[in-house]
Each structure stands twice: as C-alpha cells, then as structure tokens.
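Report on one structure; see the data block that follows.
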Amino acid sequence: MDWLFYRLSKSNFRSRFYLKQQDREYVWKKGMDTIRSHAQDFVRTRLAPDVIPNDGKQTPMRGHPAFIAQHATGTCCRGCLSKWYHIPKGTQLTQAQQDYVVDVIMEWINRQMKR
C-alpha cells in the first residue's frame, strides 16, 4: 500500500485530511476492532451497492474517523473508487473489494494514529 499512499499524498485535496485530537481519542477509546467494524458497515451500506442515489454525497466530511479516512483515501464514493482504484460504477462491490477498501481505510487510520 505504500505506492497508493504515496500517490494519495501527492493530491492536494486528499493530503489535507488528518485525524483531529477528538478523532484520535475516539479511536483509542473504541479500539481498532470496533473502528474496523464501523468501517465495514459504512462500506457495505454506503459504497457497495450497485446503485447509490446520492453518490458523491453519501460520506460525511466529519463525524467518524472512518469518514475522514474515506475522503483521505479516495474511498468516499463510487466516482472516487473509479478514479483511484479503477472499480467501475454501477456494479455491486464484491466482498473482496469491500475488504480491500476497509483495509485501505484502516491502514490510513493506523498511520494517523502513529503520528
């Protein structure tokens, strides 16, 4: 994933995101397993369906560390998934694709927690 994170760091938009202190405290309080579970739920319900009526607006810009991570990693909507990961719109994400997206989100959060 180093190459992916290198590419994301070169994006002016993606590189502006970071976990604020309250987000970091939330991660410490809940633990990484719970955050992963939340991320899996967000991806399954907001990103995985083949048709998303509010695509491009389904991921809030704040409110949960996974949401911030999604914007930082280009996993926030199907348009970004298409651009950054070449996963086409209009098809349901496979379980393997969902797992990969969650892994990317969690890797970003893990890197943020080490800063």
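Letters for chains follow the order of the structure tokens (A, B, ...), residue numbers begin at 1 for each chain, and ligand numbers begin at 1 in the order shown.
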### Message
Taking only chain A into account, list the residues labelled alpha helix (DSSP H) by DSSP (computed from the backbone), as an NGL selection string.
### Response
:A and (2-9 or 21-30 or 32-42 or 65-73 or 78-85 or 95-113)
### Message
For a test of reading the model, state the distance in Å between CA of Arg62 in chain A and CA of Trp108 in chain A, rounded to one decimal.
### Response
15.3 Å
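Separating CA of Asp41 in chain A from CA of His86 in chain A is a distance of 21.9 Å.
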### Task
Have a look at A:Gln40, A:Tyr85, A:Lys29, A:Gly90 and name the one nearest to Pro53 in chain A; count only C-alpha atoms.
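Of A:Gln40, A:Tyr85, A:Lys29, A:Gly90, the one nearest Pro53 in chain A, counting only C-alpha atoms, is A:Gly90.
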### Task
Kindly indicate which residue among A:Cys80, A:Ile109, A:Ala48, A:Ala96 lies nearest to His64 in chain A, using only C-alpha atoms for the distances.
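For His64 in chain A, the nearest of the candidates is A:Ile109.
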Residues near Ala72 in chain A, cut-off 9 Å, only C-alpha atoms, skip fewer than 2 positions along chain, as a PDB file with N, CA, C and O atoms, in the first residue's frame:
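Saved as around-v2.pdb:
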```pdb
ATOM      1  N   LEU A   8      -1.602   9.186  -3.045  1.00  0.00           N
ATOM      2  CA  LEU A   8      -2.586  10.000  -2.328  1.00  0.00           C
ATOM      3  C   LEU A   8      -1.935  11.235  -1.714  1.00  0.00           C
ATOM      4  O   LEU A   8      -2.554  12.310  -1.676  1.00  0.00           O
ATOM      5  N   SER A   9      -0.699  11.110  -1.257  1.00  0.00           N
ATOM      6  CA  SER A   9      -0.003  12.254  -0.643  1.00  0.00           C
ATOM      7  C   SER A   9       0.286  13.358  -1.653  1.00  0.00           C
ATOM      8  O   SER A   9       0.491  14.509  -1.269  1.00  0.00           O
ATOM      9  N   PHE A  13      -6.000  17.717  -2.498  1.00  0.00           N
ATOM     10  CA  PHE A  13      -7.250  17.509  -1.764  1.00  0.00           C
ATOM     11  C   PHE A  13      -7.098  16.389  -0.739  1.00  0.00           C
ATOM     12  O   PHE A  13      -7.416  16.559   0.440  1.00  0.00           O
ATOM     13  N   ARG A  14      -6.635  15.226  -1.151  1.00  0.00           N
ATOM     14  CA  ARG A  14      -6.544  14.057  -0.262  1.00  0.00           C
ATOM     15  C   ARG A  14      -5.561  14.281   0.880  1.00  0.00           C
ATOM     16  O   ARG A  14      -5.786  13.824   1.996  1.00  0.00           O
ATOM     17  N   SER A  15      -4.479  14.982   0.623  1.00  0.00           N
ATOM     18  CA  SER A  15      -3.446  15.165   1.644  1.00  0.00           C
ATOM     19  C   SER A  15      -3.834  16.171   2.720  1.00  0.00           C
ATOM     20  O   SER A  15      -3.130  16.298   3.727  1.00  0.00           O
ATOM     21  N   ARG A  16      -4.942  16.873   2.560  1.00  0.00           N
ATOM     22  CA  ARG A  16      -5.386  17.840   3.575  1.00  0.00           C
ATOM     23  C   ARG A  16      -6.064  17.170   4.760  1.00  0.00           C
ATOM     24  O   ARG A  16      -6.255  17.801   5.792  1.00  0.00           O
ATOM     25  N   PHE A  17      -6.462  15.917   4.626  1.00  0.00           N
ATOM     26  CA  PHE A  17      -7.202  15.246   5.688  1.00  0.00           C
ATOM     27  C   PHE A  17      -6.258  14.661   6.731  1.00  0.00           C
ATOM     28  O   PHE A  17      -5.194  14.147   6.396  1.00  0.00           O
ATOM     29  N   TYR A  18      -6.659  14.758   7.966  1.00  0.00           N
ATOM     30  CA  TYR A  18      -5.923  14.169   9.080  1.00  0.00           C
ATOM     31  C   TYR A  18      -6.892  13.971  10.238  1.00  0.00           C
ATOM     32  O   TYR A  18      -7.969  14.580  10.277  1.00  0.00           O
ATOM     33  N   PHE A  67     -14.941   8.097   8.194  1.00  0.00           N
ATOM     34  CA  PHE A  67     -15.394   9.038   7.163  1.00  0.00           C
ATOM     35  C   PHE A  67     -14.214   9.890   6.684  1.00  0.00           C
ATOM     36  O   PHE A  67     -14.036  10.113   5.480  1.00  0.00           O
ATOM     37  N   ILE A  68     -13.425  10.374   7.621  1.00  0.00           N
ATOM     38  CA  ILE A  68     -12.262  11.190   7.263  1.00  0.00           C
ATOM     39  C   ILE A  68     -11.284  10.355   6.445  1.00  0.00           C
ATOM     40  O   ILE A  68     -10.764  10.816   5.419  1.00  0.00           O
ATOM     41  N   ALA A  69     -11.076   9.120   6.880  1.00  0.00           N
ATOM     42  CA  ALA A  69     -10.182   8.223   6.150  1.00  0.00           C
ATOM     43  C   ALA A  69     -10.684   7.966   4.735  1.00  0.00           C
ATOM     44  O   ALA A  69      -9.886   7.883   3.794  1.00  0.00           O
ATOM     45  N   GLN A  70     -11.990   7.839   4.583  1.00  0.00           N
ATOM     46  CA  GLN A  70     -12.539   7.601   3.244  1.00  0.00           C
ATOM     47  C   GLN A  70     -12.226   8.758   2.308  1.00  0.00           C
ATOM     48  O   GLN A  70     -11.869   8.548   1.149  1.00  0.00           O
ATOM     49  N   GLY A  74      -9.714   8.359  -0.988  1.00  0.00           N
ATOM     50  CA  GLY A  74     -10.474   8.234  -2.236  1.00  0.00           C
ATOM     51  C   GLY A  74     -11.418   7.050  -2.231  1.00  0.00           C
ATOM     52  O   GLY A  74     -11.704   6.479  -3.281  1.00  0.00           O
ATOM     53  N   THR A  75     -11.900   6.682  -1.047  1.00  0.00           N
ATOM     54  CA  THR A  75     -12.860   5.583  -0.932  1.00  0.00           C
ATOM     55  C   THR A  75     -14.207   6.103  -0.425  1.00  0.00           C
ATOM     56  O   THR A  75     -14.949   5.381   0.228  1.00  0.00           O
ATOM     57  N   CYS A  76     -14.512   7.338  -0.734  1.00  0.00           N
ATOM     58  CA  CYS A  76     -15.696   8.003  -0.196  1.00  0.00           C
ATOM     59  C   CYS A  76     -16.931   7.841  -1.077  1.00  0.00           C
ATOM     60  O   CYS A  76     -18.057   7.947  -0.591  1.00  0.00           O
ATOM     61  N   ILE A 105      -8.802   1.967   4.365  1.00  0.00           N
ATOM     62  CA  ILE A 105      -9.287   2.896   5.388  1.00  0.00           C
ATOM     63  C   ILE A 105      -8.558   2.670   6.704  1.00  0.00           C
ATOM     64  O   ILE A 105      -8.066   3.612   7.345  1.00  0.00           O
ATOM     65  N   TRP A 108      -4.888   3.780   6.680  1.00  0.00           N
ATOM     66  CA  TRP A 108      -4.767   5.232   6.817  1.00  0.00           C
ATOM     67  C   TRP A 108      -4.946   5.630   8.289  1.00  0.00           C
ATOM     68  O   TRP A 108      -4.165   6.424   8.816  1.00  0.00           O
TER      69      TRP A 108
END
```
### Summary
Leu93 in chain A proximity check over A:His71, A:Leu47, A:Pro60, A:Asp55, using only C-alpha atoms: winner is A:Leu47
